[in-house]
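A.B. asks: Sending over entry_36.txt (compact mmCIF, C-alpha atoms).
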# COMPACT_ATOMS: atom_id res chain seq x y z
CA MET A 423 -15.59 46.05 -9.07
CA ILE A 424 -14.12 48.89 -7.12
CA ARG A 425 -10.74 50.34 -8.04
CA PRO A 426 -8.65 48.75 -5.21
CA LEU A 427 -10.01 45.30 -6.15
CA ARG A 428 -9.22 45.86 -9.84
CA ILE A 429 -5.66 46.77 -8.95
CA ALA A 430 -5.27 43.69 -6.74
CA HIS A 431 -6.87 41.53 -9.41
CA ARG A 432 -4.49 42.89 -12.06
CA ARG A 433 -1.46 42.09 -9.85
CA VAL A 434 -2.57 38.61 -8.76
CA TRP A 435 -3.28 37.16 -12.22
CA PRO A 436 0.26 37.58 -13.62
CA ALA A 437 1.66 36.13 -10.39
CA LEU A 438 -0.65 33.11 -10.73
CA ALA A 439 0.16 32.74 -14.43
CA LEU A 440 3.86 32.45 -13.62
CA GLY A 441 3.65 30.78 -10.21
CA LEU A 442 1.24 27.90 -10.86
CA PRO A 443 3.16 26.29 -13.76
CA ALA A 444 6.37 26.57 -11.73
CA LEU A 445 4.63 24.95 -8.77
CA VAL A 446 3.30 22.09 -10.92
CA LEU A 447 6.75 21.46 -12.42
CA ALA A 448 8.33 21.47 -8.95
CA ALA A 449 5.72 18.97 -7.71
CA LEU A 450 6.37 16.67 -10.69
CA ALA A 451 10.13 16.83 -10.11
CA ALA A 452 9.69 16.04 -6.39
CA ARG A 453 7.72 12.81 -6.98
CA ARG A 454 9.48 9.70 -5.79
CA PRO A 455 9.70 6.89 -8.34
CA ILE A 456 7.50 3.81 -8.01
CA PRO A 457 9.36 0.60 -8.87
CA VAL A 458 7.65 -1.00 -11.85
CA GLU A 459 8.50 -4.28 -13.49
CA PHE A 460 8.73 -3.00 -17.07
CA ASP A 461 8.75 -6.52 -18.48
CA ALA A 462 5.23 -7.00 -17.15
CA ILE A 463 3.91 -7.54 -20.66
CA PRO A 464 1.88 -10.76 -20.57
CA PHE A 465 3.56 -13.73 -22.14
CA GLY A 466 2.45 -17.25 -22.97
CA ALA A 467 2.78 -20.11 -20.53
CA PRO A 468 1.01 -23.35 -21.40
CA ALA A 469 -0.75 -25.32 -18.66
CA GLY A 470 2.16 -27.82 -18.64
CA ARG A 471 4.45 -25.10 -17.27
CA LEU A 472 2.45 -24.62 -14.07
CA VAL A 473 4.86 -24.41 -11.13
CA TYR A 474 2.26 -24.38 -8.34
CA ALA A 475 -1.08 -22.92 -7.32
CA VAL A 476 -1.77 -20.99 -4.15
CA GLU A 477 -5.12 -20.88 -2.41
CA GLY A 478 -5.84 -17.62 -0.65
CA ARG A 479 -8.64 -15.59 0.87
CA ARG A 480 -9.48 -11.99 0.31
CA ALA A 481 -9.91 -9.67 3.28
CA ASP A 482 -13.70 -10.17 3.04
CA GLY A 483 -13.33 -13.96 3.22
CA VAL A 484 -13.92 -14.81 -0.45
CA PRO A 485 -11.48 -17.54 -1.56
CA PHE A 486 -9.38 -17.19 -4.70
CA ARG A 487 -6.64 -19.12 -6.44
CA ALA A 488 -3.41 -17.75 -7.87
CA SER A 489 -1.31 -19.85 -10.25
CA LEU A 490 2.43 -19.46 -10.72
CA TYR A 491 3.84 -20.32 -14.16
CA ARG A 492 7.35 -20.63 -15.53
CA ALA A 493 7.93 -18.46 -18.60
CA THR A 494 8.14 -19.94 -22.07
CA ASP A 495 9.80 -16.91 -23.62
CA GLY A 496 13.35 -18.23 -23.24
CA ALA A 497 14.07 -16.81 -19.77
CA ALA A 498 14.82 -19.84 -17.59
CA GLN A 499 14.10 -18.13 -14.27
CA ALA A 500 11.18 -15.93 -15.34
CA LEU A 501 7.93 -16.53 -13.47
CA ALA A 502 4.42 -15.30 -14.17
CA LEU A 503 1.32 -15.10 -12.02
CA SER A 504 -2.29 -15.62 -13.00
CA ILE A 505 -5.39 -14.80 -10.94
CA PRO A 506 -8.77 -15.89 -12.34
CA GLY A 507 -11.09 -13.00 -13.16
CA GLU A 508 -14.03 -14.44 -11.25
CA ALA A 509 -12.02 -14.16 -8.02
CA LEU A 510 -12.13 -10.37 -8.30
CA ASP A 511 -15.42 -9.78 -10.16
CA GLU A 512 -16.78 -7.11 -7.85
CA LEU A 513 -13.36 -5.42 -7.54
CA PRO A 514 -12.71 -3.96 -10.99
CA GLU A 515 -9.63 -1.84 -10.16
CA VAL A 516 -7.17 -4.24 -8.52
CA LEU A 517 -3.40 -3.85 -8.82
CA ALA A 518 -0.97 -6.66 -8.05
CA TYR A 519 2.24 -5.93 -6.15
CA TRP A 520 5.10 -8.27 -5.21
CA MET A 521 7.05 -7.53 -2.03
CA LEU A 522 9.85 -9.04 -0.03
CA GLY A 523 8.60 -10.07 3.41
CA ASP A 524 5.58 -8.45 5.00
CA GLY A 525 6.11 -4.79 4.14
CA ALA A 526 3.59 -2.41 5.62
CA ASP A 527 2.91 -0.40 2.48
CA PRO A 528 2.84 -2.28 -0.86
CA ILE A 529 2.86 0.92 -2.87
CA ALA A 530 6.01 2.25 -1.20
CA SER A 531 7.98 -1.00 -0.83
CA GLY A 532 6.51 -3.33 -3.46
CA VAL A 533 7.07 -3.86 -7.16
CA LEU A 534 4.02 -3.09 -9.26
CA LEU A 535 3.15 -6.08 -11.45
CA GLY A 536 0.19 -4.42 -13.12
CA PRO A 537 -3.60 -4.49 -13.09
CA VAL A 538 -5.28 -7.85 -12.50
CA ARG A 539 -7.40 -8.63 -15.58
CA GLY A 540 -8.88 -12.09 -15.65
CA ASP A 541 -6.45 -14.85 -16.49
CA GLU A 542 -3.88 -12.47 -18.00
CA LEU A 543 -0.39 -13.39 -16.85
CA LEU A 544 1.69 -10.89 -14.88
CA ARG A 545 5.44 -11.32 -14.92
CA LEU A 546 7.12 -11.46 -11.50
CA PRO A 547 10.48 -9.77 -10.89
CA ASP A 548 13.54 -11.96 -11.45
CA GLN A 549 14.16 -11.86 -7.70
CA ALA A 550 10.92 -13.83 -7.10
CA SER A 551 12.49 -17.01 -8.52
CA ARG A 552 15.14 -16.93 -5.77
CA THR A 553 13.47 -15.22 -2.84
CA PRO A 554 10.14 -15.84 -1.09
CA GLY A 555 7.81 -12.88 -1.24
CA VAL A 556 4.25 -11.73 -0.77
CA LEU A 557 1.62 -11.10 -3.43
CA VAL A 558 -0.48 -8.09 -2.47
CA LEU A 559 -3.74 -7.23 -4.22
CA TYR A 560 -4.59 -3.56 -3.79
CA ASP A 561 -8.02 -2.15 -4.65
CA LEU A 562 -7.66 1.33 -6.14
CA ALA A 563 -11.33 2.23 -5.70
CA ARG A 564 -11.30 1.53 -1.97
CA GLY A 565 -7.66 2.45 -1.39
CA ALA A 566 -7.06 -0.72 0.61
CA VAL A 567 -5.28 -4.06 0.45
CA VAL A 568 -7.87 -6.72 -0.39
CA ALA A 569 -5.62 -9.80 -0.16
CA THR A 570 -2.10 -10.93 0.63
CA VAL A 571 -0.69 -14.34 -0.25
CA GLY A 572 2.76 -15.68 0.54
CA LEU A 573 4.72 -16.90 -2.49
CA THR A 574 7.63 -19.25 -1.92
CA ALA A 575 10.59 -19.31 -4.27
CA PRO A 576 9.99 -22.32 -6.51
CA ASP A 577 12.59 -24.98 -7.15
CA VAL A 578 13.83 -24.30 -10.67
CA SER A 579 13.76 -27.99 -11.57
CA GLY A 580 10.60 -28.70 -9.56
CA PRO A 581 7.03 -29.19 -10.77
CA GLY A 582 6.44 -28.21 -14.35
CA GLY A 583 9.71 -29.66 -15.61
CA ALA A 584 13.18 -28.32 -16.07
CA PRO A 585 13.60 -25.08 -17.99
Translate the structure of the given file into structure tokens.

C.D. replies:
Amino acid sequence: MIRPLRIAHRRVWPALALGLPALVLAALAARRPIPVEFDAIPFGAPAGRLVYAVEGRRADGVPFRASLYRATDGAAQALALSIPGEALDELPEVLAYWMLGDGADPIASGVLLGPVRGDELLRLPDQASRTPGVLVLYDLARGAVVATVGLTAPDVSGPGGAP
């Protein structure tokens, strides 16, 4: 390496050593928060607590069924959603979002329910028991929405019995 390059090299490395960590920290601080339903831990809901089932179709035409359950963990209004694993067999990285209305971008305007894993229940936000919304299934691998299904606000004393 010739002398002018050695001098430039010696000056650039300390600048990078100080500048890159500062840049990474600034980028982390500038991230906007993604709303997450922190109570999305699966909880038990026996078959007798089924509120209703929704038939839907994925974007590629494959039908699937989503079931809405009322929680059995003491929360009268809490609802949970279940999507059978065979409905998404060839889509291993699917996230479920709940949104009000037909928002354009589920990641920006939706509430992340969590990854769809077989018949594991995903807790819906408390707002879902009072307000109709849309279930959006987003495939991480393809970076695209694979299905949307409208969810109506269930009658609290409707099918499945009173809380």

A.B. asks: Rounded to one decimal, what separation in Å do you get between CA of Leu510 in chain A and CA of Arg539 in chain A?

C.D. replies: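 Interatomic distance here is 8.9 Å.
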
A.B. asks: For range 483-486 of chain A, please output as a VMD selection string all residues within 12 Å (counting only C-alpha atoms; exclusion window: fewer than 3 positions along the same chain).

C.D. replies: chain A and resid 475 to 480 489 504 to 513 559 568 to 571

A.B. asks: Mind pulling up the distance from CA of Pro514 in chain A to CA of Thr553 in chain A?

C.D. replies: 29.6 Å

A.B. asks: To one decimal place, how far is CA of Leu546 in chain A from CA of Ala563 in chain A in Å?

C.D. replies: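 Interatomic distance here is 23.7 Å.
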
A.B. asks: My list of candidates is A:Gly572, A:Pro455, A:Pro436, A:Pro554. Which is closest to Ser531 in chain A when distances are computed with only C-alpha atoms?

C.D. replies: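 Among A:Gly572, A:Pro455, A:Pro436, A:Pro554, it is A:Pro455 that comes nearest to Ser531 in chain A.
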
A.B. asks: Looking at all atoms listed in the file, which of A:Leu440, A:Leu490, A:Tyr560, A:Asp548 is the one that sits closest to Arg471 in chain A?

C.D. replies: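 Nearest candidate to Arg471 in chain A out of A:Leu440, A:Leu490, A:Tyr560, A:Asp548: A:Leu490.
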
A.B. asks: Using only C-alpha atoms for the distances, tell me which of A:Ile429, A:Gly441, A:Ala452, A:Tyr491 is nearest to Ser551 in chain A.

C.D. replies: A:Tyr491

A.B. asks: Using only C-alpha atoms, determine which residues lie at most 10 Å from Leu557 in chain A, disregarding the query and same-chain residues fewer than 5 positions distant; provide the list as a PyMOL selection string.

C.D. replies: chain A and resi 488+503+518-524+528+532-533+535+546+569-573

A.B. asks: Restricted to C-alpha atoms, what would the selected residues look like written as a PDB file, in the frame of the given file?

C.D. replies:
ATOM      1  CA  ALA A 488      -3.410 -17.750  -7.870  1.00  0.00           C
ATOM      2  CA  LEU A 503       1.320 -15.100 -12.020  1.00  0.00           C
ATOM      3  CA  ALA A 518      -0.970  -6.660  -8.050  1.00  0.00           C
ATOM      4  CA  TYR A 519       2.240  -5.930  -6.150  1.00  0.00           C
ATOM      5  CA  TRP A 520       5.100  -8.270  -5.210  1.00  0.00           C
ATOM      6  CA  MET A 521       7.050  -7.530  -2.030  1.00  0.00           C
ATOM      7  CA  LEU A 522       9.850  -9.040  -0.030  1.00  0.00           C
ATOM      8  CA  GLY A 523       8.600 -10.070   3.410  1.00  0.00           C
ATOM      9  CA  ASP A 524       5.580  -8.450   5.000  1.00  0.00           C
ATOM     10  CA  PRO A 528       2.840  -2.280  -0.860  1.00  0.00           C
ATOM     11  CA  GLY A 532       6.510  -3.330  -3.460  1.00  0.00           C
ATOM     12  CA  VAL A 533       7.070  -3.860  -7.160  1.00  0.00           C
ATOM     13  CA  LEU A 535       3.150  -6.080 -11.450  1.00  0.00           C
ATOM     14  CA  LEU A 546       7.120 -11.460 -11.500  1.00  0.00           C
ATOM     15  CA  ALA A 569      -5.620  -9.800  -0.160  1.00  0.00           C
ATOM     16  CA  THR A 570      -2.100 -10.930   0.630  1.00  0.00           C
ATOM     17  CA  VAL A 571      -0.690 -14.340  -0.250  1.00  0.00           C
ATOM     18  CA  GLY A 572       2.760 -15.680   0.540  1.00  0.00           C
ATOM     19  CA  LEU A 573       4.720 -16.900  -2.490  1.00  0.00           C
TER      20      LEU A 573
END

A.B. asks: N, CA and C atoms are what I want for range 533-555 of chain A; can you complete it accordingly and write them as a CSV table (one decimal), in the coordinates of the input?

C.D. replies:
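Once written, rebuild_27.csv looks like this:
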chain,number,residue,atom,x,y,z
A,533,VAL,N,6.8,-4.0,-5.7
A,533,VAL,CA,7.1,-3.9,-7.2
A,533,VAL,C,5.7,-4.0,-7.8
A,534,LEU,N,5.3,-3.0,-8.6
A,534,LEU,CA,4.0,-3.1,-9.3
A,534,LEU,C,4.1,-4.1,-10.4
A,535,LEU,N,3.2,-5.1,-10.4
A,535,LEU,CA,3.2,-6.1,-11.4
A,535,LEU,C,2.2,-5.7,-12.5
A,536,GLY,N,1.2,-4.9,-12.1
A,536,GLY,CA,0.2,-4.4,-13.1
A,536,GLY,C,-1.2,-4.7,-12.6
A,537,PRO,N,-2.2,-4.3,-13.4
A,537,PRO,CA,-3.6,-4.5,-13.1
A,537,PRO,C,-4.0,-6.0,-13.3
A,538,VAL,N,-4.8,-6.5,-12.4
A,538,VAL,CA,-5.3,-7.8,-12.5
A,538,VAL,C,-6.5,-7.9,-13.4
A,539,ARG,N,-6.3,-8.6,-14.6
A,539,ARG,CA,-7.4,-8.6,-15.6
A,539,ARG,C,-7.6,-10.1,-16.0
A,540,GLY,N,-8.5,-10.7,-15.3
A,540,GLY,CA,-8.9,-12.1,-15.6
A,540,GLY,C,-7.7,-13.0,-15.5
A,541,ASP,N,-7.5,-13.9,-16.5
A,541,ASP,CA,-6.4,-14.8,-16.5
A,541,ASP,C,-5.2,-14.3,-17.2
A,542,GLU,N,-5.1,-13.0,-17.4
A,542,GLU,CA,-3.9,-12.5,-18.0
A,542,GLU,C,-2.7,-12.7,-17.1
A,543,LEU,N,-1.6,-13.1,-17.6
A,543,LEU,CA,-0.4,-13.4,-16.8
A,543,LEU,C,0.4,-12.1,-16.6
A,544,LEU,N,0.9,-12.0,-15.3
A,544,LEU,CA,1.7,-10.9,-14.9
A,544,LEU,C,3.1,-11.4,-14.5
A,545,ARG,N,4.1,-10.8,-15.2
A,545,ARG,CA,5.4,-11.3,-14.9
A,545,ARG,C,5.9,-10.8,-13.6
A,546,LEU,N,6.5,-11.8,-12.8
A,546,LEU,CA,7.1,-11.5,-11.5
A,546,LEU,C,8.5,-11.0,-11.7
A,547,PRO,N,9.1,-10.2,-10.8
A,547,PRO,CA,10.5,-9.8,-10.9
A,547,PRO,C,11.4,-11.0,-10.9
A,548,ASP,N,12.6,-10.9,-11.4
A,548,ASP,CA,13.5,-12.0,-11.4
A,548,ASP,C,13.9,-12.4,-10.0
A,549,GLN,N,13.9,-11.5,-9.1
A,549,GLN,CA,14.2,-11.9,-7.7
A,549,GLN,C,13.2,-12.9,-7.1
A,550,ALA,N,12.0,-12.9,-7.6
A,550,ALA,CA,10.9,-13.8,-7.1
A,550,ALA,C,11.3,-15.3,-7.3
A,551,SER,N,12.1,-15.6,-8.3
A,551,SER,CA,12.5,-17.0,-8.5
A,551,SER,C,13.5,-17.5,-7.5
A,552,ARG,N,14.1,-16.6,-6.8
A,552,ARG,CA,15.1,-16.9,-5.8
A,552,ARG,C,14.7,-16.6,-4.3
A,553,THR,N,13.8,-15.7,-4.2
A,553,THR,CA,13.5,-15.2,-2.8
A,553,THR,C,12.0,-15.3,-2.6
A,554,PRO,N,11.6,-15.8,-1.4
A,554,PRO,CA,10.1,-15.8,-1.1
A,554,PRO,C,9.6,-14.4,-1.0
A,555,GLY,N,8.4,-14.2,-1.3
A,555,GLY,CA,7.8,-12.9,-1.2
A,555,GLY,C,6.3,-13.0,-1.0
